[in-house]
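Engineer: Got start-v3.cif for you, mmCIF, C-alpha atoms:
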```
data_structure
#
loop_
_atom_site.label_atom_id
_atom_site.label_comp_id
_atom_site.auth_asym_id
_atom_site.auth_seq_id
_atom_site.Cartn_x
_atom_site.Cartn_y
_atom_site.Cartn_z
CA MET A 7 0.00 0.00 0.00
CA ASN A 8 1.30 3.47 -0.76
CA ASP A 9 -1.35 5.36 1.24
CA PRO A 10 -0.31 5.98 4.86
CA ILE A 11 -3.74 7.36 5.82
CA ALA A 12 -5.33 3.90 5.84
CA LEU A 13 -2.36 2.54 7.78
CA VAL A 14 -2.89 5.10 10.53
CA ALA A 15 -6.71 4.84 10.50
CA PHE A 16 -6.83 1.05 10.76
CA GLY A 17 -3.91 0.77 13.18
CA THR A 18 -6.19 0.22 16.14
CA THR A 19 -8.41 -2.58 17.44
CA GLU A 20 -11.11 0.05 17.96
CA PHE A 21 -11.74 -0.42 14.26
CA THR A 22 -13.43 -3.81 14.43
CA ARG A 23 -14.18 -4.86 10.85
CA PRO A 24 -11.55 -7.21 9.34
CA VAL A 25 -9.25 -5.58 6.78
CA ILE A 26 -8.28 -7.24 3.48
CA PHE A 27 -5.41 -5.48 1.76
CA PHE A 28 -5.72 -5.82 -2.04
CA ASN A 29 -2.02 -5.61 -2.83
CA HIS A 30 -1.98 -3.59 -6.05
CA ALA A 31 0.90 -1.29 -5.02
CA ASP A 32 3.64 -3.81 -4.30
CA HIS A 33 5.80 -2.33 -7.07
CA ALA A 34 6.07 0.94 -5.12
CA PHE A 35 6.97 2.11 -1.60
CA TRP A 36 5.03 -0.38 0.52
CA VAL A 37 3.58 -0.44 4.05
CA GLY A 38 0.54 -2.16 5.51
CA VAL A 39 1.29 -5.61 6.92
CA SER A 40 0.56 -4.65 10.52
CA ILE A 41 -3.02 -3.54 9.77
CA SER A 42 -3.84 -6.33 7.29
CA ASP A 43 -5.89 -9.26 8.49
CA TRP A 44 -5.19 -10.71 5.06
CA VAL A 45 -3.07 -9.65 2.07
CA ALA A 46 -4.60 -10.46 -1.33
CA ASP A 47 -1.76 -10.62 -3.86
CA LEU A 48 -2.01 -10.37 -7.63
CA ASN A 49 0.12 -13.33 -8.66
CA TYR A 50 2.32 -16.17 -7.43
CA ASN A 51 5.64 -14.31 -7.36
CA ARG A 52 4.16 -11.31 -5.56
CA ASN A 53 2.66 -13.68 -3.02
CA GLN A 54 6.05 -15.32 -2.45
CA LEU A 55 7.56 -11.88 -1.83
CA THR A 56 4.83 -11.09 0.72
CA LEU A 57 5.31 -14.40 2.56
CA LYS A 58 9.11 -14.37 2.56
CA SER A 59 10.04 -10.70 2.84
CA ARG A 60 7.16 -8.74 4.34
CA GLY A 61 6.82 -10.43 7.69
CA THR A 62 3.42 -12.12 7.35
CA ASN A 63 1.92 -15.49 6.51
CA ARG A 64 -1.60 -14.06 6.15
CA ALA A 65 -1.55 -13.86 2.35
CA SER A 66 -2.70 -15.67 -0.77
CA VAL A 67 -3.14 -15.08 -4.51
CA LEU A 68 -6.41 -13.42 -5.50
CA GLY A 69 -5.62 -11.85 -8.88
CA ILE A 70 -7.26 -9.03 -10.80
CA PRO A 71 -10.98 -9.51 -11.52
CA ALA A 72 -10.62 -8.53 -15.19
CA ASP A 73 -13.41 -8.67 -17.73
CA ASN A 74 -12.33 -11.20 -20.38
CA THR A 75 -14.55 -9.98 -23.23
CA LYS A 76 -12.79 -8.97 -26.45
CA LEU A 77 -11.87 -5.29 -26.58
CA LEU A 78 -12.05 -4.45 -30.29
CA LYS A 79 -14.16 -5.15 -33.33
CA ILE A 80 -12.22 -3.02 -35.83
CA SER A 81 -9.78 -4.77 -38.16
CA LYS A 82 -6.04 -4.08 -38.29
CA THR A 83 -6.35 -2.65 -41.81
CA ASP A 84 -9.22 -0.30 -40.90
CA ALA A 85 -7.40 0.87 -37.77
CA ARG A 86 -4.27 1.68 -39.75
CA LYS A 87 -6.25 3.57 -42.36
CA LYS A 88 -7.95 5.68 -39.69
CA LEU A 89 -4.62 6.43 -37.98
CA GLY A 90 -2.80 7.02 -41.25
CA LEU A 91 -0.31 4.20 -40.59
CA PRO A 92 1.37 2.22 -43.40
CA LEU A 93 -0.39 -0.98 -44.42
CA ASP A 94 2.75 -2.74 -45.67
CA LYS A 95 4.85 -2.55 -42.48
CA LYS A 96 5.01 -4.67 -39.33
CA ILE A 97 4.03 -2.67 -36.25
CA ILE A 98 5.13 -3.33 -32.69
CA PHE A 99 3.24 -1.44 -29.99
CA SER A 100 4.23 -0.82 -26.37
CA SER A 101 2.74 1.42 -23.70
CA GLY A 102 3.45 2.52 -20.16
CA GLN A 103 4.24 5.41 -17.86
CA PRO A 104 7.46 7.19 -18.91
CA THR A 105 9.45 5.85 -15.94
CA LYS A 106 8.65 2.23 -16.83
CA TYR A 107 11.22 2.51 -19.62
CA ASP A 108 13.94 4.07 -17.44
CA PRO A 109 17.03 1.90 -18.05
CA LEU A 110 18.53 -0.14 -15.23
CA GLY A 111 21.66 -1.31 -17.01
CA HIS A 112 21.66 -3.14 -20.34
CA PRO A 113 19.89 -4.40 -22.30
CA ASP A 114 17.20 -1.75 -22.04
CA PHE A 115 14.24 -0.95 -24.28
CA SER A 116 16.40 1.15 -26.62
CA ASP A 117 18.67 -1.87 -27.17
CA LEU A 118 15.63 -3.92 -28.13
CA ILE A 119 14.48 -1.31 -30.65
CA GLN A 120 17.94 -1.05 -32.22
CA ASP A 121 18.50 -4.80 -32.44
CA VAL A 122 15.05 -5.45 -33.92
CA ILE A 123 15.31 -2.69 -36.55
CA LYS A 124 18.87 -3.71 -37.40
CA GLN A 125 17.56 -7.14 -38.37
CA ASP A 126 14.34 -5.97 -40.06
CA LYS A 127 13.95 -2.40 -41.30
CA ASN A 128 10.29 -3.04 -42.15
CA ILE A 129 9.39 -3.09 -38.46
CA LEU A 130 7.98 0.09 -36.91
CA PHE A 131 7.74 0.80 -33.17
CA TYR A 132 4.90 2.89 -31.76
CA ILE A 133 5.33 3.71 -28.07
CA ALA A 134 2.51 5.26 -26.02
CA GLY A 135 3.17 7.14 -22.78
CA ALA A 136 6.92 7.65 -23.23
CA ASN A 137 8.42 11.11 -22.69
CA LYS A 138 10.14 12.19 -25.92
CA ASN A 139 12.51 14.46 -23.98
CA ALA A 140 13.66 11.89 -21.40
CA ILE A 141 16.28 9.13 -21.10
CA PHE A 142 17.29 7.61 -24.46
CA TRP A 143 14.25 8.71 -26.49
CA PRO A 144 15.68 11.94 -28.06
CA LYS A 145 18.72 10.04 -29.36
CA MET A 146 16.60 7.13 -30.59
CA LEU A 147 14.16 9.41 -32.43
CA ARG A 148 17.05 11.10 -34.25
CA LYS A 149 18.62 7.74 -35.11
CA TYR A 150 15.42 6.02 -36.31
CA PRO A 151 13.09 8.75 -37.62
CA ASN A 152 11.37 6.31 -39.98
CA ASN A 153 11.01 3.39 -37.57
CA LEU A 154 10.29 4.83 -34.14
CA PHE A 155 7.26 6.93 -33.22
CA LEU A 156 6.21 8.18 -29.78
CA THR A 157 2.48 8.83 -29.63
CA GLY A 158 2.52 10.65 -26.30
CA ARG A 159 -0.49 10.12 -24.06
CA LEU A 160 -3.44 8.53 -25.83
CA ASP A 161 -7.12 8.78 -25.01
CA TYR A 162 -7.91 5.41 -23.46
CA ALA A 163 -11.41 5.14 -24.89
CA THR A 164 -10.73 6.21 -28.48
CA GLU A 165 -7.05 6.45 -29.53
CA TYR A 166 -5.46 3.71 -27.44
CA PRO A 167 -7.67 0.86 -28.76
CA MET A 168 -6.97 1.98 -32.33
CA TYR A 169 -3.19 1.61 -31.91
CA LEU A 170 -3.69 -1.80 -30.33
CA ALA A 171 -5.84 -2.86 -33.28
CA ALA A 172 -3.25 -1.57 -35.75
CA SER A 173 -0.37 -3.55 -34.23
CA ASP A 174 1.03 -6.97 -35.07
CA LEU A 175 2.70 -7.50 -31.70
CA VAL A 176 2.61 -5.90 -28.25
CA ILE A 177 5.79 -5.92 -26.16
CA ASP A 178 5.50 -5.30 -22.43
CA SER A 179 7.41 -2.25 -21.16
CA PHE A 180 10.65 -3.02 -19.33
CA PRO A 181 12.46 -2.99 -16.97
CA VAL A 182 9.05 -2.37 -15.32
CA GLY A 183 6.09 -4.09 -16.93
CA GLY A 184 2.41 -3.18 -16.99
CA GLU A 185 -0.39 -5.57 -16.08
CA THR A 186 -3.32 -3.50 -17.34
CA ALA A 187 -1.51 -2.80 -20.62
CA VAL A 188 -1.00 -6.53 -21.09
CA ILE A 189 -4.64 -7.30 -20.28
CA ASP A 190 -5.78 -4.71 -22.84
CA ALA A 191 -3.50 -6.25 -25.48
CA VAL A 192 -4.85 -9.74 -24.87
CA LYS A 193 -8.42 -8.46 -25.02
CA ALA A 194 -7.52 -6.77 -28.30
CA GLY A 195 -6.51 -10.13 -29.75
CA LYS A 196 -2.78 -9.41 -29.99
CA PRO A 197 0.18 -11.68 -29.19
CA VAL A 198 2.19 -10.33 -26.26
CA LEU A 199 5.80 -10.76 -25.19
CA THR A 200 7.18 -9.97 -21.75
CA SER A 201 10.56 -10.27 -20.05
CA ASN A 202 9.06 -9.41 -16.65
CA HIS A 203 8.65 -12.51 -14.50
CA LEU A 204 8.49 -11.42 -10.88
CA PHE A 205 5.59 -9.01 -11.12
CA GLN A 206 3.66 -9.80 -14.30
CA GLU A 207 0.40 -11.71 -14.53
CA ASP A 208 0.62 -15.50 -14.09
CA PHE A 209 -1.39 -16.13 -17.27
CA LEU A 210 1.40 -14.40 -19.23
CA THR A 211 4.51 -15.57 -17.36
CA GLU A 212 3.35 -19.20 -17.65
CA SER A 213 2.68 -18.87 -21.39
CA ILE A 214 4.77 -18.97 -24.58
CA GLY A 215 4.76 -15.16 -24.45
CA SER A 216 7.14 -15.19 -21.50
CA CYS A 217 10.80 -14.62 -22.44
CA HIS A 218 13.41 -15.77 -19.93
CA ASP A 219 16.28 -13.74 -21.36
CA TYR A 220 16.98 -10.99 -23.88
CA THR A 221 17.97 -13.41 -26.64
CA GLU A 222 14.63 -15.22 -26.36
CA LEU A 223 12.79 -11.88 -26.47
CA LEU A 224 14.58 -10.94 -29.70
CA GLU A 225 14.03 -14.33 -31.30
CA LYS A 226 10.31 -14.42 -30.51
CA THR A 227 9.87 -10.81 -31.65
CA HIS A 228 11.18 -11.67 -35.10
CA LYS A 229 9.38 -15.00 -35.25
CA ILE A 230 5.99 -13.44 -34.43
CA SER A 231 6.66 -10.66 -36.97
CA ASN A 232 7.39 -13.14 -39.74
CA ASP A 233 5.40 -16.26 -38.88
CA ARG A 234 1.63 -15.82 -38.67
CA ALA A 235 1.10 -19.37 -37.45
CA PHE A 236 3.51 -18.82 -34.54
CA ALA A 237 1.92 -15.45 -33.73
CA LYS A 238 -1.48 -17.14 -33.59
CA LYS A 239 -0.09 -19.95 -31.42
CA VAL A 240 1.36 -17.44 -28.92
CA TYR A 241 -1.90 -15.51 -28.70
CA GLN A 242 -4.08 -18.60 -28.31
CA ASP A 243 -1.87 -19.93 -25.52
CA ILE A 244 -2.01 -16.61 -23.66
CA TYR A 245 -5.74 -16.13 -24.21
CA SER A 246 -6.71 -19.61 -22.98
CA ARG A 247 -4.76 -18.96 -19.77
CA PHE A 248 -6.28 -15.48 -19.51
CA ILE A 249 -9.81 -16.89 -19.76
CA ASP A 250 -9.05 -19.35 -16.96
CA ALA A 251 -7.37 -16.70 -14.78
CA THR A 252 -10.30 -14.28 -15.12
CA ASP A 253 -13.04 -16.85 -14.61
CA THR A 254 -15.61 -15.09 -12.40
CA LYS A 255 -16.54 -18.20 -10.41
CA LYS A 256 -12.92 -19.09 -9.64
CA TRP A 257 -12.16 -15.50 -8.58
CA THR A 258 -15.26 -15.48 -6.34
CA ASP A 259 -14.21 -18.80 -4.82
CA ARG A 260 -10.78 -17.35 -3.98
CA CYS A 261 -12.49 -14.33 -2.41
CA ASN A 262 -14.71 -16.54 -0.26
CA LYS A 263 -11.73 -18.60 0.83
CA ILE A 264 -9.96 -15.45 2.02
CA ILE A 265 -13.10 -14.28 3.85
CA SER A 266 -13.35 -17.66 5.61
CA LYS A 267 -9.84 -17.15 7.04
CA LEU A 268 -10.48 -13.69 8.47
CA PRO A 269 -10.71 -13.17 12.23
CA LYS A 270 -14.08 -12.13 13.64
CA GLN A 271 -12.62 -8.76 14.59
CA HIS A 272 -9.79 -6.70 13.10
CA LYS A 273 -6.38 -7.07 14.74
CA VAL A 274 -3.18 -5.03 14.68
CA TYR A 275 -0.22 -7.34 14.14
CA LYS A 276 3.41 -7.31 15.15
CA VAL A 277 5.56 -7.32 12.04
CA LYS A 278 7.97 -10.22 11.90
CA SER A 279 11.43 -8.85 11.13
CA CYS A 280 13.19 -10.22 8.07
CA ALA A 281 16.93 -10.62 7.63
CA PRO A 282 18.31 -7.68 5.57
CA THR A 283 19.54 -10.04 2.86
CA LYS A 284 16.04 -11.47 2.46
CA ASP A 285 14.21 -8.17 2.78
CA ILE A 286 15.99 -6.64 -0.21
CA THR A 287 15.18 -8.41 -3.45
CA VAL A 288 16.49 -7.88 -6.95
CA TYR A 289 13.18 -6.31 -7.84
CA SER A 290 13.37 -4.01 -4.82
CA TRP A 291 16.65 -2.62 -6.14
CA SER A 292 15.13 -2.24 -9.59
CA THR A 293 12.15 -0.25 -8.38
CA THR A 294 14.02 2.12 -6.06
CA ARG A 295 14.31 4.41 -9.08
CA TRP A 296 10.73 3.85 -10.15
CA THR A 297 8.01 4.66 -7.67
CA GLU A 298 4.62 6.05 -8.57
CA PRO A 299 3.75 9.38 -6.96
CA ILE A 300 2.07 8.47 -3.69
CA ASP A 301 -0.21 11.48 -3.70
CA LYS A 302 -0.03 14.91 -5.29
CA VAL A 303 -0.21 16.57 -1.88
CA PHE A 304 1.64 13.94 0.14
CA SER A 305 5.34 14.13 0.98
CA LEU A 306 6.79 10.87 2.28
CA SER A 307 9.81 12.57 3.86
CA ARG A 308 7.65 15.09 5.72
CA PHE A 309 5.29 12.33 6.89
CA ARG A 310 8.24 10.21 8.12
CA LYS A 311 9.78 13.14 10.01
CA TRP A 312 6.41 13.94 11.55
CA LEU A 313 5.97 10.35 12.77
CA ILE A 314 9.47 10.28 14.23
CA SER A 315 8.85 13.54 16.08
CA VAL A 316 5.71 12.17 17.74
CA HIS A 317 5.91 9.85 20.76
CA LEU A 318 3.59 7.13 19.48
CA SER A 319 2.71 5.65 22.86
CA ARG A 320 1.70 9.02 24.26
CA HIS A 321 -0.18 10.28 21.22
CA SER A 322 -1.47 7.08 19.62
CA SER A 323 -5.16 8.00 20.08
CA LEU A 324 -4.60 11.42 18.51
CA ILE A 325 -2.81 9.86 15.51
CA ARG A 326 -5.60 7.33 14.95
CA ILE A 327 -8.30 9.98 15.16
CA CYS A 328 -6.31 12.07 12.70
CA GLY A 329 -5.99 9.10 10.32
CA ILE A 330 -9.69 8.25 10.42
CA TYR A 331 -10.55 11.93 9.96
CA LEU A 332 -8.29 12.23 6.88
CA LEU A 333 -9.64 8.99 5.41
CA ASN A 334 -13.25 10.13 5.83
CA LYS A 335 -12.36 13.54 4.42
CA ARG A 336 -10.80 11.95 1.34
CA ARG A 337 -13.86 9.73 0.81
CA LYS A 338 -16.16 12.76 1.18
CA ASN A 339 -14.11 14.71 -1.37
CA GLU A 340 -14.19 11.79 -3.81
CA TYR A 341 -17.97 11.51 -3.35
CA ASN A 342 -18.48 15.22 -3.94
CA THR A 343 -16.29 15.11 -7.06
CA LYS A 344 -18.17 12.15 -8.52
CA ASN A 345 -21.56 13.78 -7.89
CA PHE A 346 -20.63 17.28 -9.00
CA THR A 347 -22.70 18.58 -11.89
CA ILE A 348 -22.76 21.92 -13.66
#
```
Just give me the structure as structure tokens.
Structural biologist:
Amino acid sequence: MNDPIALVAFGTTEFTRPVIFFNHADHAFWVGVSISDWVADLNYNRNQLTLKSRGTNRASVLGIPADNTKLLKISKTDARKKLGLPLDKKIIFSSGQPTKYDPLGHPDFSDLIQDVIKQDKNILFYIAGANKNAIFWPKMLRKYPNNLFLTGRLDYATEYPMYLAASDLVIDSFPVGGETAVIDAVKAGKPVLTSNHLFQEDFLTESIGSCHDYTELLEKTHKISNDRAFAKKVYQDIYSRFIDATDTKKWTDRCNKIISKLPKQHKVYKVKSCAPTKDITVYSWSTTRWTEPIDKVFSLSRFRKWLISVHLSRHSSLIRICGIYLLNKRRKNEYNTKNFTI
């Protein structure tokens, strides 16, 4: 969790309803074990990280309750015509927040682009979300003006689906991948490749679309681009696993199983300390440079200094009241925003 307000508000047994923490922020700065009666993780590897490195055994895999209906009805040819994209080229699409492409050593995403284009100049890359003025993008745009195109931010309802429809292959952003981007690609009927194993969806990491090293990623990129039968095989393997992973009944059964393990009343738990060597994972090091903004008005350093300056035992009631007040205030603001009409 990257919201300290809930941590403070639920950090008391005076709050009696059991708390399930849906662990969707485990890629960022993370707190919340002590107030969680159960941690619902998104996939197997995330769950292993919770159990081994976050000081709790109250956790299991729940997954994202995604709708598995197909996303698009427009053809690749029609989408390209509407976007003004060439009909005779192979198009690779990737999308993600700008920082998801920030290099952490080599190979990085720019290496992938160079190596793919070097082997096949008929391949075009369209990248959504990347900042054209950051990291390696300015250099890459100058070097490959006819093969690399940054779309900027796309409208999710209109533009984004069109680029998905126009593509031949979707490659997951790296070093940090994107689950929702991958889900959208699968729903759009596109083969997907990922090199992210620790924190990507199980339906993808267990499929043919999972690449265990850079060489495999390159090989499968070219094979999908040139072999329609293989491209279809990759997609069908991913989609069959996706259908199973998003089965409503199975997801509901997992929910009910978690609920059956909850205590009758909420508890505040002592966090089991982990050895420093176990607490820091390879992925932890990777994401120290990539953390989503916690809140536009929230400063982690100020919050930490404030907590340190307060004697918790003496002022615990005041802190909890403050947390519950802030949580209620946020909910009220969200409600007012949603119901505001002109």
Engineer: Set out as a tab-separated table a contact list for range 67-151 of chain A and range 220-225 of chain A with a cut-off of 10 Å, giving each residue of range 67-151 of chain A that qualifies its closest atom pair and distance in Å to one decimal, counting only C-alpha atoms, ordered by chain and rising residue number.
Structural biologist:
```
residue	atom	partner	partner_atom	distance
A:His112	CA	A:Tyr220	CA	9.8
A:Pro113	CA	A:Tyr220	CA	7.4
A:Asp114	CA	A:Tyr220	CA	9.4
A:Asp117	CA	A:Tyr220	CA	9.8
A:Leu118	CA	A:Leu224	CA	7.3
A:Ile119	CA	A:Leu224	CA	9.7
A:Asp121	CA	A:Leu224	CA	7.8
A:Val122	CA	A:Leu224	CA	6.9
A:Gln125	CA	A:Leu224	CA	9.9
```
Engineer: Pick from A:Phe205, A:Phe248, A:Tyr50, A:Trp44: nearest to Ala65 in chain A, with only C-alpha atoms counted?
Structural biologist: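 Between A:Phe205, A:Phe248, A:Tyr50, A:Trp44, the residue approaching Ala65 in chain A most closely is A:Trp44.
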Engineer: Find the distance between CA of Pro104 in chain A and CA of Val192 in chain A and write it in Å to one decimal.
Structural biologist: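 So the two atoms, CA of Pro104 in chain A and CA of Val192 in chain A, lie 21.8 Å apart.
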Engineer: Considering all atoms listed in the file, state which residue in the set A:Tyr132, A:Phe209, A:Thr258, A:Ile264 is at the smallest distance from Ser246 in chain A.
Structural biologist: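 Comparing A:Tyr132, A:Phe209, A:Thr258, A:Ile264 against Ser246 in chain A, the winner is A:Phe209.
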Engineer: Enter the distance from CA of Val45 in chain A to CA of Gln103 in chain A, in Å, rounded to one decimal.
Structural biologist: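 Rounded to one decimal, the two atoms are 26.0 Å apart.
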Engineer: Which residues come within 9 Å of range 86-93 of chain A, counting only C-alpha atoms, excluding same-chain residues fewer than 6 positions away, as an mmCIF file with C-alpha atoms, in the frame of the given file?
Structural biologist:
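Dumped everything to out.cif:
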```
data_model
loop_
_atom_site.group_PDB
_atom_site.id
_atom_site.type_symbol
_atom_site.label_atom_id
_atom_site.label_comp_id
_atom_site.auth_asym_id
_atom_site.auth_seq_id
_atom_site.Cartn_x
_atom_site.Cartn_y
_atom_site.Cartn_z
ATOM 1 C CA GLU A 165 -7.050 6.450 -29.530
ATOM 2 C CA MET A 168 -6.970 1.980 -32.330
ATOM 3 C CA TYR A 169 -3.190 1.610 -31.910
ATOM 4 C CA ALA A 171 -5.840 -2.860 -33.280
ATOM 5 C CA ALA A 172 -3.250 -1.570 -35.750
ATOM 6 C CA SER A 173 -0.370 -3.550 -34.230
#
```
Engineer: Which value, in Å to one decimal, gives the distance between CA of Ile11 in chain A and CA of Leu68 in chain A?
Structural biologist: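 Answer for the CA of Ile11 in chain A to CA of Leu68 in chain A separation: 23.8 Å.
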